[in-house]
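Data from model_24.pdb: PDB, C-alpha atoms, pLDDT in the B column
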ATOM      1  CA  MET F  39    -109.077  43.727  -6.496  1.00 85.00           C
ATOM      2  CA  GLU F  40    -106.950  45.925  -4.215  1.00 94.00           C
ATOM      3  CA  LYS F  41    -104.604  48.413  -5.884  1.00 97.00           C
ATOM      4  CA  ILE F  42    -101.174  49.062  -4.371  1.00 98.00           C
ATOM      5  CA  LEU F  43     -98.584  51.727  -5.147  1.00 98.00           C
ATOM      6  CA  VAL F  44     -94.971  50.633  -4.583  1.00 98.00           C
ATOM      7  CA  VAL F  45     -92.594  53.577  -4.113  1.00 98.00           C
ATOM      8  CA  GLU F  46     -88.969  52.440  -4.133  1.00 97.00           C
ATOM      9  CA  ASP F  47     -85.931  53.960  -5.857  1.00 95.00           C
ATOM     10  CA  ASP F  48     -83.989  50.683  -6.153  1.00 95.00           C
ATOM     11  CA  LYS F  49     -85.216  49.209  -9.435  1.00 95.00           C
ATOM     12  CA  ASN F  50     -84.453  45.600  -8.476  1.00 95.00           C
ATOM     13  CA  ILE F  51     -86.288  45.845  -5.159  1.00 95.00           C
ATOM     14  CA  ARG F  52     -89.182  47.740  -6.771  1.00 96.00           C
ATOM     15  CA  GLU F  53     -89.621  45.105  -9.472  1.00 96.00           C
ATOM     16  CA  LEU F  54     -89.275  42.255  -6.966  1.00 96.00           C
ATOM     17  CA  ILE F  55     -91.999  43.695  -4.746  1.00 97.00           C
ATOM     18  CA  ALA F  56     -94.283  44.402  -7.715  1.00 97.00           C
ATOM     19  CA  PHE F  57     -93.758  40.903  -9.127  1.00 97.00           C
ATOM     20  CA  ASN F  58     -94.641  39.213  -5.846  1.00 97.00           C
ATOM     21  CA  LEU F  59     -97.653  41.435  -5.182  1.00 97.00           C
ATOM     22  CA  GLU F  60     -99.041  40.814  -8.660  1.00 97.00           C
ATOM     23  CA  ASN F  61     -98.563  37.065  -8.187  1.00 96.00           C
ATOM     24  CA  ALA F  62    -100.532  37.410  -4.945  1.00 96.00           C
ATOM     25  CA  GLY F  63    -103.457  38.871  -6.902  1.00 96.00           C
ATOM     26  CA  PHE F  64    -103.019  42.601  -6.344  1.00 97.00           C
ATOM     27  CA  THR F  65    -103.041  45.350  -8.955  1.00 97.00           C
ATOM     28  CA  VAL F  66     -99.721  47.188  -8.726  1.00 98.00           C
ATOM     29  CA  ASP F  67     -98.344  50.515  -9.902  1.00 98.00           C
ATOM     30  CA  THR F  68     -94.843  51.753  -9.129  1.00 97.00           C
ATOM     31  CA  ALA F  69     -92.854  54.949  -8.666  1.00 97.00           C
ATOM     32  CA  GLY F  70     -89.097  55.426  -8.395  1.00 96.00           C
ATOM     33  CA  ASP F  71     -89.138  58.642  -6.386  1.00 96.00           C
ATOM     34  CA  GLY F  72     -91.392  60.668  -4.127  1.00 96.00           C
ATOM     35  CA  LYS F  73     -92.250  63.291  -6.726  1.00 96.00           C
ATOM     36  CA  VAL F  74     -93.603  60.722  -9.172  1.00 97.00           C
ATOM     37  CA  ALA F  75     -95.434  58.979  -6.337  1.00 97.00           C
ATOM     38  CA  LEU F  76     -97.324  62.158  -5.416  1.00 96.00           C
ATOM     39  CA  THR F  77     -98.382  62.693  -9.041  1.00 96.00           C
ATOM     40  CA  LYS F  78     -99.728  59.137  -9.222  1.00 97.00           C
ATOM     41  CA  LEU F  79    -101.411  58.969  -5.834  1.00 96.00           C
ATOM     42  CA  SER F  80    -105.192  59.070  -5.728  1.00 95.00           C
ATOM     43  CA  SER F  81    -108.035  57.614  -3.682  1.00 92.00           C
ATOM     44  CA  GLU F  82    -108.080  54.659  -6.103  1.00 95.00           C
ATOM     45  CA  PHE F  83    -105.135  53.130  -4.256  1.00 97.00           C
ATOM     46  CA  ASN F  84    -105.893  50.859  -1.303  1.00 96.00           C
ATOM     47  CA  LEU F  85    -102.365  50.799   0.160  1.00 97.00           C
ATOM     48  CA  VAL F  86     -98.910  52.295  -0.362  1.00 98.00           C
ATOM     49  CA  VAL F  87     -95.588  50.517   0.161  1.00 97.00           C
ATOM     50  CA  LEU F  88     -93.266  53.472   0.718  1.00 96.00           C
ATOM     51  CA  ASP F  89     -89.475  53.498   0.936  1.00 94.00           C
ATOM     52  CA  LEU F  90     -88.098  55.973   3.451  1.00 90.00           C
ATOM     53  CA  MET F  91     -85.025  57.107   1.494  1.00 89.00           C
ATOM     54  CA  LEU F  92     -86.156  58.452  -1.881  1.00 93.00           C
ATOM     55  CA  PRO F  93     -84.776  60.978  -4.374  1.00 92.00           C
ATOM     56  CA  GLU F  94     -86.622  64.212  -5.191  1.00 91.00           C
ATOM     57  CA  ILE F  95     -89.054  63.981  -2.258  1.00 94.00           C
ATOM     58  CA  ASP F  96     -88.294  61.539   0.565  1.00 92.00           C
ATOM     59  CA  GLY F  97     -90.718  59.017   2.019  1.00 93.00           C
ATOM     60  CA  MET F  98     -91.202  61.039   5.182  1.00 91.00           C
ATOM     61  CA  GLU F  99     -92.506  64.013   3.211  1.00 93.00           C
ATOM     62  CA  VAL F 100     -94.721  61.799   1.029  1.00 95.00           C
ATOM     63  CA  CYS F 101     -96.226  60.300   4.176  1.00 93.00           C
ATOM     64  CA  LYS F 102     -96.766  63.763   5.666  1.00 91.00           C
ATOM     65  CA  LYS F 103     -98.502  65.032   2.528  1.00 93.00           C
ATOM     66  CA  MET F 104    -100.758  61.971   2.379  1.00 94.00           C
ATOM     67  CA  ARG F 105    -101.868  62.401   5.978  1.00 90.00           C
ATOM     68  CA  SER F 106    -102.719  66.063   5.387  1.00 89.00           C
ATOM     69  CA  ASP F 107    -104.782  65.354   2.259  1.00 91.00           C
ATOM     70  CA  ASP F 108    -108.489  64.553   2.718  1.00 87.00           C
ATOM     71  CA  GLN F 109    -108.494  62.217  -0.300  1.00 90.00           C
ATOM     72  CA  LEU F 110    -105.374  60.282   0.707  1.00 93.00           C
ATOM     73  CA  ARG F 111    -105.562  60.319   4.513  1.00 88.00           C
ATOM     74  CA  GLN F 112    -107.322  56.949   4.785  1.00 88.00           C
ATOM     75  CA  ILE F 113    -104.824  54.990   2.657  1.00 94.00           C
ATOM     76  CA  PRO F 114    -102.678  52.608   4.765  1.00 93.00           C
ATOM     77  CA  ILE F 115     -98.913  53.079   4.473  1.00 95.00           C
ATOM     78  CA  ILE F 116     -96.260  50.419   5.035  1.00 94.00           C
ATOM     79  CA  MET F 117     -92.878  52.137   5.225  1.00 92.00           C
ATOM     80  CA  LEU F 118     -89.652  50.410   4.182  1.00 92.00           C
ATOM     81  CA  THR F 119     -86.472  51.283   6.068  1.00 86.00           C
ATOM     82  CA  ALA F 120     -82.875  50.114   6.031  1.00 81.00           C
ATOM     83  CA  LYS F 121     -81.472  48.142   8.920  1.00 66.00           C
ATOM     84  CA  GLY F 122     -80.237  50.450  11.667  1.00 64.00           C
ATOM     85  CA  GLU F 123     -82.578  53.356  10.859  1.00 65.00           C
ATOM     86  CA  GLU F 124     -84.547  53.031  14.099  1.00 70.00           C
ATOM     87  CA  VAL F 125     -84.897  56.779  14.609  1.00 73.00           C
ATOM     88  CA  GLU F 126     -86.191  57.181  11.069  1.00 75.00           C
ATOM     89  CA  ARG F 127     -88.673  54.339  11.565  1.00 74.00           C
ATOM     90  CA  ILE F 128     -90.065  56.017  14.658  1.00 79.00           C
ATOM     91  CA  LEU F 129     -90.281  59.338  12.818  1.00 78.00           C
ATOM     92  CA  GLY F 130     -92.118  57.596   9.988  1.00 79.00           C
ATOM     93  CA  LEU F 131     -94.680  56.219  12.404  1.00 82.00           C
ATOM     94  CA  GLU F 132     -94.944  59.633  14.030  1.00 82.00           C
ATOM     95  CA  MET F 133     -95.721  61.110  10.608  1.00 82.00           C
ATOM     96  CA  GLY F 134     -98.600  58.676  10.217  1.00 84.00           C
ATOM     97  CA  ALA F 135     -97.267  55.469   8.656  1.00 88.00           C
ATOM     98  CA  ASP F 136     -99.338  52.472   9.744  1.00 88.00           C
ATOM     99  CA  ASP F 137     -96.470  50.012   9.836  1.00 87.00           C
ATOM    100  CA  TYR F 138     -92.874  49.469   8.770  1.00 87.00           C
ATOM    101  CA  MET F 139     -90.608  46.706   7.507  1.00 88.00           C
ATOM    102  CA  THR F 140     -86.836  46.620   7.719  1.00 87.00           C
ATOM    103  CA  LYS F 141     -84.717  45.703   4.693  1.00 88.00           C
ATOM    104  CA  PRO F 142     -83.861  43.051   3.805  1.00 87.00           C
ATOM    105  CA  PHE F 143     -87.283  41.472   4.223  1.00 89.00           C
ATOM    106  CA  SER F 144     -89.164  38.493   2.885  1.00 91.00           C
ATOM    107  CA  PRO F 145     -91.693  39.318   0.143  1.00 93.00           C
ATOM    108  CA  ARG F 146     -93.858  36.613   1.704  1.00 92.00           C
ATOM    109  CA  GLU F 147     -93.917  38.500   5.013  1.00 91.00           C
ATOM    110  CA  LEU F 148     -94.764  41.760   3.238  1.00 94.00           C
ATOM    111  CA  ILE F 149     -97.682  40.072   1.481  1.00 94.00           C
ATOM    112  CA  ALA F 150     -98.848  38.543   4.763  1.00 91.00           C
ATOM    113  CA  ARG F 151     -98.853  41.952   6.430  1.00 89.00           C
ATOM    114  CA  ILE F 152    -100.688  43.567   3.516  1.00 93.00           C
ATOM    115  CA  LYS F 153    -103.331  40.845   3.559  1.00 91.00           C
ATOM    116  CA  ALA F 154    -103.695  41.260   7.307  1.00 87.00           C
ATOM    117  CA  ILE F 155    -104.269  45.004   6.882  1.00 88.00           C
ATOM    118  CA  PHE F 156    -106.931  44.441   4.218  1.00 90.00           C
ATOM    119  CA  ARG F 157    -108.556  41.688   6.288  1.00 87.00           C
ATOM    120  CA  ARG F 158    -108.730  43.932   9.325  1.00 82.00           C
ATOM    121  CA  ILE F 159    -110.161  46.800   7.255  1.00 82.00           C
ATOM    122  CA  LYS F 160    -112.954  44.527   6.023  1.00 83.00           C
ATOM    123  CA  GLU F 161    -113.656  43.292   9.547  1.00 78.00           C
ATOM    124  CA  LEU F 162    -113.913  46.858  10.788  1.00 72.00           C
ATOM    125  CA  GLN F 163    -116.215  47.779   7.921  1.00 72.00           C
ATOM    126  CA  VAL F 164    -118.546  44.938   8.886  1.00 70.00           C
ATOM    127  CA  GLU F 165    -118.435  46.027  12.529  1.00 66.00           C
ATOM    128  CA  GLN F 166    -119.153  49.619  11.595  1.00 62.00           C
ATOM    129  CA  GLU F 167    -122.098  48.643   9.388  1.00 61.00           C
ATOM    130  CA  LYS F 168    -123.653  46.970  12.419  1.00 56.00           C
ATOM    131  CA  ILE F 169    -123.188  50.100  14.509  1.00 57.00           C
ATOM    132  CA  ALA F 170    -123.392  52.669  11.723  1.00 53.00           C
ATOM    133  CA  GLU F 171    -125.236  55.219  13.843  1.00 57.00           C
ATOM    134  CA  GLU F 172    -123.170  54.733  16.992  1.00 76.00           C
ATOM    135  CA  ILE F 173    -121.746  57.801  18.669  1.00 80.00           C
ATOM    136  CA  ILE F 174    -119.563  57.216  21.702  1.00 80.00           C
ATOM    137  CA  GLU F 175    -119.480  60.126  24.150  1.00 81.00           C
ATOM    138  CA  LEU F 176    -117.236  60.223  27.199  1.00 80.00           C
ATOM    139  CA  ALA F 177    -116.878  63.510  29.065  1.00 79.00           C
ATOM    140  CA  ASP F 178    -115.263  65.916  26.575  1.00 85.00           C
ATOM    141  CA  LEU F 179    -114.518  63.217  23.987  1.00 87.00           C
ATOM    142  CA  LYS F 180    -116.910  62.080  21.244  1.00 87.00           C
ATOM    143  CA  LEU F 181    -116.389  59.430  18.547  1.00 85.00           C
ATOM    144  CA  ASP F 182    -118.721  59.373  15.541  1.00 84.00           C
ATOM    145  CA  ILE F 183    -118.231  55.859  14.159  1.00 78.00           C
ATOM    146  CA  SER F 184    -120.040  56.301  10.847  1.00 73.00           C
ATOM    147  CA  ARG F 185    -118.177  59.515  10.003  1.00 76.00           C
ATOM    148  CA  HIS F 186    -114.867  58.354  11.417  1.00 78.00           C
ATOM    149  CA  GLU F 187    -114.652  61.611  13.337  1.00 84.00           C
ATOM    150  CA  VAL F 188    -113.354  62.504  16.773  1.00 89.00           C
ATOM    151  CA  ILE F 189    -114.424  65.618  18.660  1.00 89.00           C
ATOM    152  CA  TYR F 190    -112.356  66.601  21.684  1.00 88.00           C
ATOM    153  CA  GLN F 191    -113.314  69.637  23.742  1.00 88.00           C
ATOM    154  CA  ASP F 192    -115.617  70.760  20.900  1.00 87.00           C
ATOM    155  CA  ASN F 193    -112.791  70.633  18.355  1.00 89.00           C
ATOM    156  CA  LYS F 194    -112.482  68.135  15.516  1.00 90.00           C
ATOM    157  CA  ILE F 195    -109.331  66.046  15.903  1.00 89.00           C
ATOM    158  CA  ILE F 196    -107.646  64.614  12.815  1.00 86.00           C
ATOM    159  CA  LEU F 197    -106.638  60.973  13.346  1.00 87.00           C
ATOM    160  CA  THR F 198    -105.101  58.481  10.963  1.00 85.00           C
ATOM    161  CA  PRO F 199    -107.171  55.334  10.338  1.00 83.00           C
ATOM    162  CA  LYS F 200    -105.049  53.295  12.755  1.00 87.00           C
ATOM    163  CA  GLU F 201    -105.209  55.991  15.429  1.00 90.00           C
ATOM    164  CA  PHE F 202    -108.999  56.064  15.173  1.00 89.00           C
ATOM    165  CA  ASP F 203    -109.313  52.275  15.345  1.00 89.00           C
ATOM    166  CA  LEU F 204    -106.900  52.129  18.276  1.00 92.00           C
ATOM    167  CA  LEU F 205    -108.727  54.862  20.201  1.00 92.00           C
ATOM    168  CA  ARG F 206    -112.099  53.234  19.580  1.00 89.00           C
ATOM    169  CA  TYR F 207    -110.853  49.844  20.756  1.00 91.00           C
ATOM    170  CA  LEU F 208    -109.327  51.364  23.900  1.00 92.00           C
ATOM    171  CA  ILE F 209    -112.568  53.198  24.689  1.00 88.00           C
ATOM    172  CA  ILE F 210    -114.953  50.275  24.212  1.00 85.00           C
ATOM    173  CA  ASN F 211    -112.649  48.307  26.522  1.00 89.00           C
ATOM    174  CA  GLN F 212    -112.151  51.150  28.987  1.00 88.00           C
ATOM    175  CA  GLY F 213    -110.870  50.041  32.348  1.00 88.00           C
ATOM    176  CA  ARG F 214    -109.389  46.831  30.905  1.00 91.00           C
ATOM    177  CA  VAL F 215    -105.652  46.368  30.594  1.00 94.00           C
ATOM    178  CA  LEU F 216    -104.852  45.593  26.949  1.00 94.00           C
ATOM    179  CA  SER F 217    -101.491  44.063  26.123  1.00 92.00           C
ATOM    180  CA  ARG F 218     -99.451  45.356  23.219  1.00 89.00           C
ATOM    181  CA  ASP F 219     -99.682  41.947  21.544  1.00 87.00           C
ATOM    182  CA  LEU F 220    -103.480  42.019  21.794  1.00 88.00           C
ATOM    183  CA  LEU F 221    -103.606  45.514  20.305  1.00 90.00           C
ATOM    184  CA  LEU F 222    -101.388  44.397  17.420  1.00 85.00           C
ATOM    185  CA  GLU F 223    -103.707  41.494  16.750  1.00 83.00           C
ATOM    186  CA  ARG F 224    -106.942  43.484  17.008  1.00 83.00           C
ATOM    187  CA  ILE F 225    -105.870  46.696  15.262  1.00 85.00           C
ATOM    188  CA  TRP F 226    -103.143  45.594  12.866  1.00 82.00           C
ATOM    189  CA  GLY F 227    -104.375  42.038  12.371  1.00 75.00           C
ATOM    190  CA  TYR F 228    -101.145  40.133  12.984  1.00 66.00           C
ATOM    191  CA  GLU F 229     -98.396  39.383  15.458  1.00 59.00           C
ATOM    192  CA  TYR F 230     -95.015  41.069  15.517  1.00 54.00           C
ATOM    193  CA  ALA F 231     -93.003  38.376  17.259  1.00 47.00           C
ATOM    194  CA  GLY F 232     -92.290  40.737  20.122  1.00 49.00           C
ATOM    195  CA  ASP F 233     -91.713  43.997  18.224  1.00 63.00           C
ATOM    196  CA  THR F 234     -94.403  46.314  19.585  1.00 74.00           C
ATOM    197  CA  ARG F 235     -92.938  49.747  18.915  1.00 81.00           C
ATOM    198  CA  THR F 236     -95.684  50.478  16.404  1.00 84.00           C
ATOM    199  CA  VAL F 237     -98.258  50.331  19.211  1.00 89.00           C
ATOM    200  CA  ASP F 238     -96.167  52.566  21.472  1.00 90.00           C
ATOM    201  CA  VAL F 239     -95.744  55.219  18.783  1.00 89.00           C
ATOM    202  CA  HIS F 240     -99.460  55.256  17.949  1.00 91.00           C
ATOM    203  CA  ILE F 241    -100.312  55.573  21.651  1.00 94.00           C
ATOM    204  CA  ARG F 242     -97.898  58.481  21.916  1.00 92.00           C
ATOM    205  CA  ARG F 243     -99.553  60.154  18.917  1.00 90.00           C
ATOM    206  CA  LEU F 244    -102.990  59.755  20.498  1.00 92.00           C
ATOM    207  CA  ARG F 245    -101.781  61.249  23.771  1.00 93.00           C
ATOM    208  CA  LYS F 246    -100.609  64.339  21.896  1.00 90.00           C
ATOM    209  CA  LYS F 247    -104.068  64.830  20.401  1.00 90.00           C
ATOM    210  CA  ILE F 248    -106.273  64.170  23.438  1.00 89.00           C
ATOM    211  CA  ASN F 249    -105.802  64.361  27.198  1.00 83.00           C
ATOM    212  CA  GLU F 250    -102.780  62.113  27.817  1.00 82.00           C
ATOM    213  CA  ASP F 251    -104.215  61.055  31.192  1.00 84.00           C
ATOM    214  CA  TYR F 252    -106.997  59.150  29.399  1.00 89.00           C
ATOM    215  CA  ILE F 253    -104.561  56.420  28.337  1.00 93.00           C
ATOM    216  CA  ALA F 254    -102.631  54.848  31.190  1.00 93.00           C
ATOM    217  CA  THR F 255     -99.501  52.751  30.795  1.00 93.00           C
ATOM    218  CA  VAL F 256     -99.468  49.491  32.713  1.00 92.00           C
ATOM    219  CA  ARG F 257     -95.767  48.801  33.050  1.00 89.00           C
ATOM    220  CA  GLY F 258     -94.639  45.550  31.478  1.00 86.00           C
ATOM    221  CA  VAL F 259     -98.097  44.768  30.096  1.00 88.00           C
ATOM    222  CA  GLY F 260     -99.690  47.407  27.901  1.00 92.00           C
ATOM    223  CA  TYR F 261    -102.279  50.164  28.124  1.00 95.00           C
ATOM    224  CA  LYS F 262    -105.774  50.904  29.346  1.00 94.00           C
ATOM    225  CA  PHE F 263    -108.248  53.676  28.777  1.00 92.00           C
ATOM    226  CA  VAL F 264    -109.082  55.212  32.117  1.00 88.00           C
ATOM    227  CA  LYS F 265    -112.780  54.970  32.988  1.00 72.00           C
ATOM    228  CA  MET F 266    -114.581  58.219  32.479  1.00 68.00           C
ATOM    229  CA  ALA F 267    -117.927  59.457  33.779  1.00 57.00           C
TER     230      ALA F 267
END

Could you rewrite the structure in this file as structure tokens?
Amino acid sequence: MEKILVVEDDKNIRELIAFNLENAGFTVDTAGDGKVALTKLSSEFNLVVLDLMLPEIDGMEVCKKMRSDDQLRQIPIIMLTAKGEEVERILGLEMGADDYMTKPFSPRELIARIKAIFRRIKELQVEQEKIAEEIIELADLKLDISRHEVIYQDNKIILTPKEFDLLRYLIINQGRVLSRDLLLERIWGYEYAGDTRTVDVHIRRLRKKINEDYIATVRGVGYKFVKMA
């Protein structure tokens, strides 16, 4: 049974989320501020629902600390933001959040997104078991699938789980134009009804970590990984 940490300072919202997640079959723990969340966090958690605006330590800093910790780096993060906080949402994704939801939101939609994340993780695990020894090498870029490692120009590059999955999918489809909607479906496991900023931010993060020319933008459509010798 998947274990989820809900970090939200509003008691009513926190309890509502926890109640609905428990009814959906998840094990849930909660925290009312970022400081408590960091004391509770461990590799036992399978996902974190993280409010952006928190007392003590804000959600942005919690996200940053998770992504810099070897034990917590792989845990998916869904960030909660208030309506109108677009800049903060983008910053949250830049810090390494996998996804975001804007308040007010439907608990049913949150559960659907969480289930989609877990479903996609299991699908990727099955795929990786079939190709456990696969190492993809393209020019100065190397992906070690079994170790979830990326080497670029002989240096190890730290990627979030979603960044790694996105880069791998782009590479194995190199030369093909991949729409944002397709990438949402294949990497995140669900559709956004037209909101594709999550893909754009993750692409931008990848471009900062490897040669930006490797990932071309096809205006009005999506992205493609440029064929490499």

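Proximity of F:Ser217, F:Asn84, F:Asn211, F:Asn58 to Leu148 (chain F), computed with only C-alpha atoms, is greatest for F:Asn58.
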
Nearby residues (only C-alpha atoms) at most 7 Å from region 67-69 of chain F, same-chain spacing under 2 positions excluded, as a list in words: Ile42, Leu43, Val44, Val45, Glu46, Asp71, Val74 and Ala75 of chain F

Might you spell out which residues the PyMOL selection byres ((chain F and resi 178) around 7) would select in the displayed file, as a JSON list (two decimals) with C-alpha atoms, keeping the file's coordinate frame?
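Written file, part_37.json:
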[["chain", "number", "residue", "atom", "x", "y", "z"],
["F", 176, "LEU", "CA", -117.24, 60.22, 27.20],
["F", 177, "ALA", "CA", -116.88, 63.51, 29.06],
["F", 179, "LEU", "CA", -114.52, 63.22, 23.99],
["F", 180, "LYS", "CA", -116.91, 62.08, 21.24],
["F", 190, "TYR", "CA", -112.36, 66.60, 21.68],
["F", 191, "GLN", "CA", -113.31, 69.64, 23.74]]

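The protein and nucleic acid residues lying at most 9 Å from Leu59 (chain F) are Ile42, Leu54, Phe64, Thr65, Val66, Pro145, Leu148 and Ile149 of chain F, with only C-alpha atoms considered and sequence neighbours fewer than 5 positions away removed.
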
Explicit residue set for the PyMOL selection byres ((chain F and resi 158) around 12), as a ChimeraX atom specification: /F:114,151-157,159-165,199-200,203,222-228

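CA of Tyr207 (chain F) is found 15.4 Å from CA of Thr255 (chain F).
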
Gap from CA of Glu99 (chain F) to CA of Leu129 (chain F) - Å, one decimal: 10.9 Å

All file atoms of region 56-74 of chain F boxed axis-aligned, 5 Å per side, centre plus edges, as lines of an AutoDock Vina configuration file:
center_x = -96.3
center_y = 50.2
center_z = -7.0
size_x = 24.4
size_y = 36.2
size_z = 15.8

Of the listed residues F:Met39, F:Leu208, F:Ile115, F:Leu131, that which approaches Arg235 (chain F) most closely, counting all atoms listed in the file: F:Leu131

Evaluate the PyMOL selection byres ((chain F and resi 213) around 7) and record the selected residues as a short mmCIF file (atom, residue, chain, number, x, y, z; two decimals) with C-alpha atoms, keeping the file's coordinate frame, following the chain and residue labels used in the document.
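Result went into out-v1.cif, see below:
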data_model
loop_
_atom_site.label_atom_id
_atom_site.label_comp_id
_atom_site.auth_asym_id
_atom_site.auth_seq_id
_atom_site.Cartn_x
_atom_site.Cartn_y
_atom_site.Cartn_z
CA ASN F 211 -112.65 48.31 26.52
CA GLN F 212 -112.15 51.15 28.99
CA ARG F 214 -109.39 46.83 30.90
CA VAL F 215 -105.65 46.37 30.59
CA LYS F 262 -105.77 50.90 29.35
CA PHE F 263 -108.25 53.68 28.78
CA VAL F 264 -109.08 55.21 32.12
CA LYS F 265 -112.78 54.97 32.99
#

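Closest approach to Val86 (chain F) from the set F:Asp136, F:Asp251, F:Glu147, F:Asp47 is made by F:Asp136, with distances taken over all atoms listed in the file.
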
Contacts of Leu90 (chain F) within 12 Å, only C-alpha atoms, excl. fewer than 5 positions in-chain, as a count of residues only: 38

Shell around region 238-242 of chain F at 7 Å using all atoms listed in the file, local window under 3 positions removed, as a list in words: Leu131, Glu132, Glu201, Thr234, Arg235, Arg245 and Lys246 of chain F

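Here CA of Pro93 (chain F) and CA of Ile113 (chain F) stand 22.1 Å from one another.
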
Pick from F:Leu181, F:Ile173, F:Ile51, F:Leu216 nearest to Ile196 (chain F), counting all atoms listed in the file: F:Leu181
